[in-house]
$ cat model.txt   # compact mmCIF, C-alpha atoms
# COMPACT_ATOMS: atom_id res chain seq x y z
CA VAL A 1027 -13.02 53.12 -99.89
CA ARG A 1028 -9.99 55.26 -99.04
CA ARG A 1029 -6.76 53.48 -98.11
CA GLY A 1030 -4.08 56.06 -97.62
CA SER A 1031 -3.92 58.00 -100.88
CA HIS A 1032 -5.60 55.23 -102.89
CA VAL A 1033 -9.34 55.48 -103.59
CA THR A 1034 -11.50 52.57 -104.83
CA SER A 1035 -15.02 53.37 -106.02
CA HIS A 1036 -17.74 50.78 -105.51
CA ALA A 1037 -20.55 52.98 -106.82
CA ARG A 1038 -21.04 50.92 -109.94
CA PRO A 1039 -24.33 49.89 -111.58
CA GLY A 1040 -25.73 46.80 -109.92
CA ALA A 1041 -23.67 47.24 -106.75
CA PHE A 1042 -26.75 47.67 -104.60
CA GLU A 1043 -29.53 45.23 -103.93
CA VAL A 1044 -32.84 46.23 -102.43
CA LEU A 1045 -34.67 44.40 -99.66
CA ARG A 1046 -38.26 45.19 -98.81
CA ARG A 1047 -38.55 44.79 -95.09
CA GLU A 1048 -40.80 46.58 -92.63
CA PRO A 1049 -39.03 47.73 -89.45
CA GLY A 1050 -42.37 47.94 -87.62
CA LEU A 1051 -43.78 44.62 -88.84
CA GLU A 1052 -43.95 43.10 -85.36
CA HIS A 1053 -46.03 46.08 -84.22
CA ASN A 1054 -48.51 45.94 -87.14
CA ALA A 1055 -46.95 49.05 -88.72
CA PHE A 1056 -46.22 49.16 -92.46
CA ASP A 1057 -44.66 52.17 -94.20
CA GLY A 1058 -43.12 50.72 -97.38
CA CYS A 1059 -39.52 51.12 -96.18
CA ARG A 1060 -36.82 49.39 -98.21
CA THR A 1061 -33.17 48.68 -97.48
CA ALA A 1062 -30.46 49.19 -100.11
CA TYR A 1063 -27.22 47.39 -99.37
CA ALA A 1064 -23.88 46.68 -101.03
CA VAL A 1065 -21.15 44.24 -100.03
CA LEU A 1066 -17.73 45.92 -100.10
CA PRO A 1067 -14.83 43.52 -100.81
CA ASP A 1068 -11.40 43.84 -99.21
CA VAL A 1069 -12.15 46.31 -96.43
CA ARG A 1070 -9.25 46.47 -93.98
CA VAL A 1071 -8.50 48.01 -90.61
CA GLY A 1072 -7.66 51.66 -91.15
CA ASP A 1073 -9.74 52.05 -94.32
CA ARG A 1074 -12.20 54.91 -94.56
CA ILE A 1075 -15.60 54.26 -96.11
CA VAL A 1076 -17.15 57.39 -97.64
CA TYR A 1077 -20.75 57.43 -98.82
CA GLU A 1078 -23.07 60.11 -100.18
CA TYR A 1079 -26.71 60.02 -101.20
CA SER A 1080 -29.45 62.38 -102.33
CA VAL A 1081 -33.15 62.38 -101.58
CA ALA A 1082 -35.24 63.93 -104.35
CA GLY A 1083 -38.76 65.14 -103.69
CA ALA A 1084 -40.91 65.04 -100.56
CA ASN A 1085 -44.20 63.65 -99.38
CA PRO A 1086 -46.90 65.92 -100.87
CA VAL A 1087 -48.84 65.71 -97.61
CA LEU A 1088 -46.25 68.06 -96.08
CA ALA A 1089 -47.46 70.85 -98.40
CA GLY A 1090 -43.93 72.14 -98.90
CA HIS A 1091 -43.15 72.50 -95.19
CA MET A 1092 -39.80 71.35 -93.89
CA SER A 1093 -38.03 70.76 -90.60
CA ARG A 1094 -34.66 69.34 -89.70
CA GLU A 1095 -32.60 68.70 -86.60
CA TRP A 1096 -28.85 68.77 -86.97
CA ARG A 1097 -27.26 66.71 -84.23
CA LEU A 1098 -23.78 68.05 -83.58
CA ARG A 1099 -22.66 65.06 -81.52
CA LEU A 1100 -23.16 61.43 -82.52
CA PRO A 1101 -22.72 58.12 -80.62
CA LEU A 1102 -19.43 57.57 -82.50
CA PRO A 1103 -16.49 59.95 -82.98
CA VAL A 1104 -16.66 61.80 -86.31
CA ALA A 1105 -13.71 63.24 -88.20
CA SER A 1106 -15.74 65.87 -90.06
CA LEU A 1107 -19.41 66.74 -89.64
CA ARG A 1108 -21.09 69.12 -92.06
CA TYR A 1109 -24.68 70.22 -92.60
CA GLU A 1110 -26.07 72.58 -95.22
CA ILE A 1111 -29.55 73.67 -96.31
CA THR A 1112 -30.38 75.90 -99.26
CA ALA A 1113 -33.93 77.24 -99.15
CA ASP A 1114 -36.13 79.55 -101.20
CA ARG A 1115 -37.36 81.35 -98.07
CA PRO A 1116 -35.90 82.34 -94.70
CA LEU A 1117 -35.98 79.67 -92.00
CA PHE A 1118 -36.23 79.73 -88.21
CA LEU A 1119 -33.42 78.25 -86.11
CA ALA A 1120 -33.05 77.25 -82.46
CA LYS A 1121 -29.93 76.08 -80.61
CA HIS A 1122 -30.08 73.30 -78.04
CA GLY A 1123 -27.42 72.15 -75.60
CA SER A 1124 -24.00 73.63 -76.26
CA ALA A 1125 -24.55 74.07 -79.99
CA ASP A 1126 -22.68 76.84 -81.77
CA ALA A 1127 -24.30 79.38 -84.05
CA VAL A 1128 -25.09 78.46 -87.66
CA ASP A 1129 -23.55 80.39 -90.53
CA HIS A 1130 -26.15 81.83 -92.90
CA ARG A 1131 -25.99 83.97 -96.03
CA ARG A 1132 -27.95 85.07 -99.07
CA ASP A 1133 -27.07 83.61 -102.45
CA GLY A 1134 -29.19 85.56 -104.91
CA ASP A 1135 -32.80 84.65 -104.18
CA LEU A 1136 -31.77 81.70 -101.99
CA TYR A 1137 -30.98 81.38 -98.29
CA VAL A 1138 -28.04 79.18 -97.27
CA TYR A 1139 -27.55 77.76 -93.75
CA GLU A 1140 -24.50 75.68 -92.91
CA THR A 1141 -22.29 74.44 -90.11
CA GLN A 1142 -19.16 72.31 -90.07
CA LEU A 1143 -17.28 70.70 -87.19
CA GLU A 1144 -13.96 68.84 -87.17
CA GLY A 1145 -12.80 66.14 -84.76
CA VAL A 1146 -16.18 65.63 -83.08
CA PRO A 1147 -15.87 63.31 -80.04
CA ALA A 1148 -18.45 60.60 -79.33
CA LEU A 1149 -21.54 61.64 -77.42
CA GLU A 1150 -21.93 60.33 -73.89
CA VAL A 1151 -25.22 61.02 -72.12
CA GLU A 1152 -25.92 60.00 -68.54
CA ASP A 1153 -28.81 57.64 -67.84
CA ASP A 1154 -32.23 58.95 -66.80
CA VAL A 1155 -31.72 62.52 -67.97
CA PRO A 1156 -35.19 64.19 -68.15
CA VAL A 1157 -36.39 64.54 -71.74
CA GLU A 1158 -37.01 68.28 -71.29
CA GLU A 1159 -33.27 68.79 -70.68
CA ASN A 1160 -31.67 69.49 -74.07
CA VAL A 1161 -28.26 68.03 -73.28
CA ILE A 1162 -27.50 66.91 -76.84
CA PRO A 1163 -25.98 69.76 -78.89
CA ALA A 1164 -28.31 70.28 -81.83
CA ILE A 1165 -29.69 72.87 -84.22
CA GLN A 1166 -33.40 72.75 -84.98
CA ILE A 1167 -34.65 74.27 -88.23
CA SER A 1168 -38.23 74.97 -89.28
CA ASP A 1169 -40.14 77.04 -91.80
CA VAL A 1170 -43.07 77.86 -89.48
CA HIS A 1171 -42.86 80.36 -86.63
CA ASP A 1172 -45.80 79.40 -84.41
CA TRP A 1173 -47.84 76.37 -83.37
CA GLY A 1174 -50.97 77.88 -84.87
CA GLY A 1175 -49.48 77.39 -88.32
CA VAL A 1176 -48.75 73.73 -87.56
CA ALA A 1177 -52.30 73.25 -86.26
CA ALA A 1178 -53.76 74.80 -89.42
CA TRP A 1179 -51.68 72.45 -91.60
CA ALA A 1180 -52.80 69.42 -89.58
CA ARG A 1181 -56.48 70.43 -89.51
CA ALA A 1182 -56.48 70.49 -93.31
CA LEU A 1183 -55.41 66.83 -93.24
CA PHE A 1184 -57.65 65.56 -90.44
CA GLU A 1185 -60.90 67.48 -90.85
CA SER A 1186 -63.07 66.21 -93.72
CA GLY A 1187 -65.45 69.15 -93.28
CA GLY A 1188 -68.56 67.19 -94.24
CA PRO A 1189 -71.26 65.49 -92.17
CA SER A 1190 -70.71 62.04 -90.74
CA SER A 1191 -71.56 59.06 -92.91
CA ARG A 1192 -74.65 56.96 -92.35
CA GLU A 1193 -72.51 54.16 -90.89
CA VAL A 1194 -71.04 56.48 -88.25
CA GLN A 1195 -74.45 57.98 -87.48
CA ALA A 1196 -75.99 54.52 -87.04
CA LEU A 1197 -73.24 53.40 -84.66
CA ALA A 1198 -73.56 56.61 -82.65
CA ALA A 1199 -77.33 56.14 -82.42
CA GLY A 1200 -76.83 52.63 -81.06
CA LEU A 1201 -74.43 53.90 -78.39
CA ALA A 1202 -76.74 56.80 -77.50
CA ALA A 1203 -79.68 54.48 -76.91
CA ASN A 1204 -78.04 53.06 -73.78
CA THR A 1205 -77.43 56.30 -71.86
CA SER A 1206 -78.01 60.05 -71.97
CA ARG A 1207 -75.10 61.08 -69.72
CA PRO A 1208 -72.25 62.67 -71.76
CA ALA A 1209 -69.58 60.98 -69.64
CA ASP A 1210 -71.13 57.54 -70.19
CA ARG A 1211 -71.54 58.18 -73.91
CA ALA A 1212 -67.91 59.26 -74.21
CA ARG A 1213 -66.72 56.20 -72.33
CA ALA A 1214 -68.89 53.88 -74.45
CA ALA A 1215 -67.59 55.37 -77.71
CA LEU A 1216 -63.97 55.10 -76.55
CA ARG A 1217 -64.38 51.49 -75.49
CA TRP A 1218 -66.09 50.57 -78.77
CA VAL A 1219 -63.24 51.98 -80.86
CA GLN A 1220 -60.56 50.46 -78.62
CA ASP A 1221 -62.15 47.00 -78.56
CA ASN A 1222 -63.54 46.71 -82.10
CA VAL A 1223 -60.96 48.44 -84.32
CA ARG A 1224 -57.63 46.62 -84.15
CA TYR A 1225 -54.37 48.51 -84.48
CA VAL A 1226 -52.77 48.22 -87.94
CA SER A 1227 -50.80 51.08 -89.48
CA LEU A 1228 -50.61 51.37 -93.28
CA SER A 1229 -48.49 54.52 -93.56
CA PHE A 1230 -47.77 54.55 -97.29
CA GLY A 1231 -47.32 57.92 -99.02
CA GLU A 1232 -49.80 60.50 -97.74
CA SER A 1233 -51.14 57.96 -95.23
CA SER A 1234 -48.05 58.72 -93.15
CA HIS A 1235 -49.96 61.80 -91.93
CA ARG A 1236 -53.44 61.81 -93.48
CA PRO A 1237 -55.97 59.56 -91.68
CA ALA A 1238 -58.55 57.40 -93.38
CA LEU A 1239 -62.11 58.69 -93.39
CA PRO A 1240 -64.08 57.58 -90.31
CA GLU A 1241 -66.45 55.43 -92.38
CA VAL A 1242 -63.47 53.68 -94.03
CA THR A 1243 -61.92 52.81 -90.67
CA LEU A 1244 -65.33 51.67 -89.40
CA ARG A 1245 -65.85 49.48 -92.45
CA ARG A 1246 -62.47 47.75 -92.45
CA ARG A 1247 -62.20 47.57 -88.63
CA PHE A 1248 -58.50 48.44 -88.45
CA GLY A 1249 -56.41 51.58 -88.33
CA ASP A 1250 -53.58 53.35 -86.56
CA CYS A 1251 -53.72 56.12 -83.94
CA LYS A 1252 -54.80 58.83 -86.36
CA ASP A 1253 -57.44 56.62 -88.01
CA LYS A 1254 -58.93 55.43 -84.73
CA SER A 1255 -58.82 58.90 -83.18
CA THR A 1256 -60.58 60.44 -86.18
CA LEU A 1257 -63.32 57.81 -85.95
CA LEU A 1258 -63.68 58.40 -82.21
CA VAL A 1259 -64.03 62.17 -82.64
CA ALA A 1260 -66.70 61.65 -85.31
CA LEU A 1261 -68.64 59.35 -82.96
CA LEU A 1262 -68.34 61.71 -80.00
CA ARG A 1263 -69.57 64.70 -81.97
CA GLU A 1264 -72.54 62.68 -83.18
CA LEU A 1265 -73.22 61.84 -79.53
CA GLY A 1266 -73.22 65.53 -78.60
CA VAL A 1267 -69.86 65.36 -76.77
CA GLU A 1268 -67.28 68.08 -77.47
CA ALA A 1269 -64.11 66.42 -78.74
CA ASP A 1270 -60.98 67.44 -80.66
CA LEU A 1271 -58.00 65.67 -82.14
CA ALA A 1272 -54.63 66.41 -80.54
CA LEU A 1273 -51.08 65.81 -81.77
CA VAL A 1274 -48.61 64.62 -79.11
CA HIS A 1275 -45.23 62.97 -78.77
CA SER A 1276 -45.46 59.63 -77.03
CA SER A 1277 -42.16 59.93 -75.14
CA ARG A 1278 -40.76 63.45 -75.51
CA GLY A 1279 -43.86 65.55 -74.98
CA ALA A 1280 -42.41 67.33 -71.96
CA ALA A 1281 -39.70 68.83 -74.20
CA LEU A 1282 -42.06 70.34 -76.79
CA MET A 1283 -42.21 73.74 -75.08
CA SER A 1284 -38.48 74.23 -75.71
CA LYS A 1285 -38.69 73.18 -79.36
CA LEU A 1286 -39.38 75.15 -82.50
CA PRO A 1287 -42.90 74.77 -83.91
CA THR A 1288 -42.75 72.12 -86.63
CA TYR A 1289 -44.94 69.42 -88.15
CA GLY A 1290 -42.24 66.87 -87.27
CA ALA A 1291 -42.56 67.38 -83.51
CA PHE A 1292 -45.24 64.72 -83.04
CA ASP A 1293 -45.53 60.94 -83.44
CA HIS A 1294 -48.97 60.16 -81.99
CA VAL A 1295 -52.60 61.31 -82.04
CA VAL A 1296 -54.98 61.30 -79.06
CA VAL A 1297 -58.40 62.81 -78.38
CA SER A 1298 -59.38 65.66 -76.07
CA VAL A 1299 -62.86 65.20 -74.59
CA LEU A 1300 -64.67 67.99 -72.75
CA VAL A 1301 -67.36 66.74 -70.35
CA ASP A 1302 -68.96 68.83 -67.59
CA GLN A 1303 -66.35 71.58 -68.05
CA ARG A 1304 -63.51 69.12 -67.50
CA ARG A 1305 -61.04 68.04 -70.17
CA TYR A 1306 -60.01 64.40 -70.48
CA TRP A 1307 -57.26 63.02 -72.70
CA VAL A 1308 -57.96 59.56 -74.11
CA ASP A 1309 -56.05 57.27 -76.46
CA ALA A 1310 -58.14 55.36 -79.00
CA ALA A 1311 -55.12 53.23 -79.94
CA ARG A 1312 -54.89 51.67 -76.45
CA SER A 1313 -56.54 48.34 -75.66
CA TYR A 1314 -58.11 46.71 -72.61
CA GLN A 1315 -58.70 49.93 -70.70
CA ARG A 1316 -61.62 49.97 -68.27
CA GLY A 1317 -63.09 52.32 -65.69
CA GLU A 1318 -64.38 55.87 -65.73
CA LEU A 1319 -63.07 58.60 -68.05
CA ARG A 1320 -60.57 59.75 -65.44
CA ASP A 1321 -59.18 56.19 -65.19
CA VAL A 1322 -58.43 55.77 -68.92
CA SER A 1323 -55.62 58.29 -69.12
CA ALA A 1324 -53.63 58.68 -72.32
CA GLY A 1325 -50.42 58.75 -70.26
CA ASP A 1326 -47.71 61.28 -69.40
CA LEU A 1327 -47.82 63.24 -72.64
CA GLY A 1328 -46.59 66.61 -71.40
CA PHE A 1329 -48.05 68.95 -74.02
CA ALA A 1330 -50.44 68.56 -76.94
CA LEU A 1331 -51.39 70.55 -80.04
CA LEU A 1332 -55.19 70.75 -80.26
CA LEU A 1333 -56.44 70.76 -83.84
CA ARG A 1334 -58.82 73.66 -83.37
CA ALA A 1335 -59.27 76.83 -85.42
CA ASP A 1336 -58.41 78.97 -82.38
CA THR A 1337 -55.20 77.08 -81.47
CA ARG A 1338 -52.19 79.36 -81.09
CA GLY A 1339 -49.96 77.29 -78.82
CA LEU A 1340 -49.50 74.04 -76.96
CA THR A 1341 -51.85 72.80 -74.24
CA ALA A 1342 -50.62 71.11 -71.07
CA VAL A 1343 -51.92 67.55 -70.69
CA ASP A 1344 -53.17 66.97 -67.15
CA ARG A 1345 -53.27 63.37 -66.04
CA TYR A 1346 -55.36 61.89 -63.24
CA ARG A 1347 -53.15 59.77 -61.01
CA ASP A 1348 -54.86 56.95 -59.15
CA PRO A 1349 -53.70 57.03 -55.52
CA ARG A 1350 -53.77 53.25 -55.33
CA PRO A 1351 -50.59 51.28 -56.11
CA GLU A 1352 -50.54 49.65 -59.54
CA ILE A 1353 -49.76 46.27 -57.94
CA GLU A 1354 -50.92 45.15 -54.52
CA ALA A 1355 -50.17 41.59 -53.41
CA ARG A 1356 -51.33 39.63 -50.38
CA ILE A 1357 -49.38 36.39 -49.91
CA THR A 1358 -50.42 33.91 -47.22
CA TYR A 1359 -48.40 30.88 -46.04
CA SER A 1360 -50.07 28.15 -43.99
CA ALA A 1361 -49.17 24.67 -42.73
CA GLU A 1362 -51.19 22.08 -40.83
CA ARG A 1363 -48.26 21.13 -38.62
CA MET A 1364 -44.51 21.48 -38.31
CA GLY A 1365 -42.73 19.71 -41.18
CA SER A 1366 -45.82 19.37 -43.40
CA PRO A 1367 -46.03 20.95 -46.86
CA VAL A 1368 -46.63 24.68 -46.80
CA ALA A 1369 -49.58 26.08 -48.74
CA LEU A 1370 -49.06 29.40 -50.47
CA ARG A 1371 -51.94 31.59 -51.63
CA ALA A 1372 -51.32 34.79 -53.53
CA GLU A 1373 -53.96 37.40 -54.24
CA VAL A 1374 -52.75 40.17 -56.55
CA SER A 1375 -54.69 43.27 -57.59
CA TYR A 1376 -53.72 45.34 -60.63
CA VAL A 1377 -54.69 48.96 -61.26
CA GLY A 1378 -54.32 51.29 -64.24
CA ASN A 1379 -51.59 50.44 -66.73
CA ARG A 1380 -50.79 47.17 -64.95
CA ALA A 1381 -54.41 46.06 -65.17
CA GLU A 1382 -54.40 46.95 -68.86
CA LEU A 1383 -51.27 44.84 -69.35
CA VAL A 1384 -52.72 41.80 -67.55
CA ARG A 1385 -55.96 42.05 -69.55
CA GLY A 1386 -53.85 42.00 -72.70
CA LEU A 1387 -51.95 38.93 -71.49
CA ARG A 1388 -55.20 37.18 -70.68
CA ALA A 1389 -56.52 37.88 -74.18
CA SER A 1390 -53.37 36.84 -76.05
CA LEU A 1391 -51.92 33.90 -74.08
CA SER A 1392 -53.13 30.35 -73.72
CA PRO A 1393 -54.27 29.29 -70.23
CA THR A 1394 -50.97 27.47 -69.68
CA GLU A 1395 -48.89 30.47 -70.82
CA LEU A 1396 -50.95 32.82 -68.65
CA THR A 1397 -50.44 30.55 -65.62
CA ASP A 1398 -46.69 30.41 -66.22
CA THR A 1399 -46.50 34.21 -66.59
CA LEU A 1400 -48.46 34.99 -63.44
CA ALA A 1401 -46.66 32.34 -61.39
CA ALA A 1402 -43.16 33.37 -62.54
CA PRO A 1403 -42.47 35.78 -59.61
CA LEU A 1404 -43.46 33.09 -57.10
CA ARG A 1405 -41.30 30.49 -58.83
CA ARG A 1406 -38.29 32.80 -58.59
CA ALA A 1407 -38.81 32.98 -54.83
CA HIS A 1408 -39.52 29.26 -54.31
CA ASP A 1409 -37.52 26.66 -56.23
CA ASP A 1410 -39.81 23.78 -55.23
CA LEU A 1411 -43.13 25.51 -55.91
CA GLU A 1412 -45.84 23.17 -57.16
CA LEU A 1413 -49.04 24.63 -58.56
CA VAL A 1414 -52.19 22.92 -57.25
CA GLY A 1415 -54.61 24.84 -59.50
CA ASP A 1416 -54.83 27.38 -62.25
CA PRO A 1417 -55.03 31.01 -61.21
CA GLU A 1418 -58.43 32.70 -61.21
CA VAL A 1419 -58.44 35.98 -63.09
CA THR A 1420 -61.37 38.40 -62.86

$ encode --input "model.txt" --output "structure tokens"
Amino acid sequence: VRRGSHVTSHARPGAFEVLRREPGLEHNAFDGCRTAYAVLPDVRVGDRIVYEYSVAGANPVLAGHMSREWRLRLPLPVASLRYEITADRPLFLAKHGSADAVDHRRDGDLYVYETQLEGVPALEVEDDVPVEENVIPAIQISDVHDWGGVAAWARALFESGGPSSREVQALAAGLAANTSRPADRARAALRWVQDNVRYVSLSFGESSHRPALPEVTLRRRFGDCKDKSTLLVALLRELGVEADLALVHSSRGAALMSKLPTYGAFDHVVVSVLVDQRRYWVDAARSYQRGELRDVSAGDLGFALLLRADTRGLTAVDRYRDPRPEIEARITYSAERMGSPVALRAEVSYVGNRAELVRGLRASLSPTELTDTLAAPLRRAHDDLELVGDPEVT
């Protein structure tokens, strides 16, 4: 703590306590994160708190690859902002927004990249800026120069290389017995994985990127997006359906084309299915989807990295858009005579994502909670609304 010219150090043994808490606990995601904290006594207005830390080592699943993004503007004003990387090999850099160039030099056998800014004002970004617009000044750094290298790294993690286990083969045989059409087989396999393997992410150590074997996920009946997708691909291939894993970003996929190739560009795994010369993108981690293959879209993902041996770049993700509105309501008011109570009947149809949401509510809420949820919009419009029966949901 700096107070004028006086400096008080609180970096003493025992100053920090460690809490084990999972930031993603409410979403069934566990990654072993811990929080180290220290209580600083006598901190006053005008004091400056200075902290430094080092991270030693890296997840071995990254195979020595690295990527960083230096944000040159932060939500708060910063007096001095400095970044530096020393590497044993040359790195690739890309500037985004109004970022300045990075200083770089050789230091013997090492490569040094650094930038320093003084008096950095707080970042202010307008609402609803498209994700593909790189308005935040930043420097992206990577040690790979093309997406093919990223795909090769990921394939080594996801592809077991061996034949499917007996458990996977038996499940595929059971699904195949019901239909011979590839589209129906693909839809049946997707629905089985979505409905029977619940979402739980255990991303400890190498499991942050390496999926469980398909037979392990099948046996324990839980997994995250990469586990469920790997199982689905194994089933589809056993069913004679061409399928590949694909890395995507769940919210910033449209911006990937302007980014440097890096293993850190993705946060989600989906499956590409090729049926009758048409490619479909499906998400094994979703729940309560129904309909044909074209109806069970993985969402607006922008671009994907197919984990194929011939992959050299990103693939655009086309999405079928249902022309029907997601919500369509027909509300009828009727009264026997003037002054008598008015009967209200509401018929609401849900399509696509909205239908998926309502199916989830129906599965997770009690009948009373479901009634209250569905009736809430009507109650907001009518203070004296009295329900005369529970809603029928089909």

$ closest_residue --input "model.txt" --among "A:Asp1169, A:Asp1210, A:Glu1264, A:Asp1133" --to "A:Ala1196" --atoms "all atoms listed in the file"
A:Glu1264

$ atom_distance --input "model.txt" --atom1 "atom CA of A:Val1146" --atom2 "atom CA of A:Gly1279"
28.8 Å

$ atom_distance --input "model.txt" --atom1 "atom CA of A:Ala1082" --atom2 "atom CA of A:Ser1234"
17.8 Å

$ residues_around --input "model.txt" --residues "stretch 1401-1410 of chain A" --least-positions-apart "4" --cutoff "10 Å" --atoms "all atoms listed in the file" --output "PyMOL selection string"
chain A and resi 1357+1370+1372+1395-1397+1416-1417

$ residues_around --input "model.txt" --residues "stretch 1044-1056 of chain A" --least-positions-apart "5" --cutoff "7 Å" --atoms "all atoms listed in the file" --output "JSON, numbers by chain"
{"A": [1061, 1062, 1063, 1225, 1226, 1227, 1228, 1229]}

$ closest_residue --input "model.txt" --among "A:Pro1393, A:Gly1415, A:Gly1040, A:Gly1123" --to "A:Ala1064" --atoms "all atoms listed in the file"
A:Gly1040

$ closest_residue --input "model.txt" --among "A:Ala1105, A:Val1223, A:Leu1332, A:Leu1319" --to "A:Pro1240" --atoms "all atoms listed in the file"
A:Val1223

$ closest_residue --input "model.txt" --among "A:Asp1126, A:Phe1248, A:Arg1320, A:Ala1281" --to "A:Val1155" --atoms "all atoms listed in the file"
A:Ala1281

$ atom_distance --input "model.txt" --atom1 "atom CA of A:Thr1112" --atom2 "atom CA of A:Tyr1137"
5.6 Å

$ closest_residue --input "model.txt" --among "A:Ala1178, A:Leu1411, A:Ala1212, A:Val1419" --to "A:Ala1389" --atoms "all atoms listed in the file"
A:Val1419
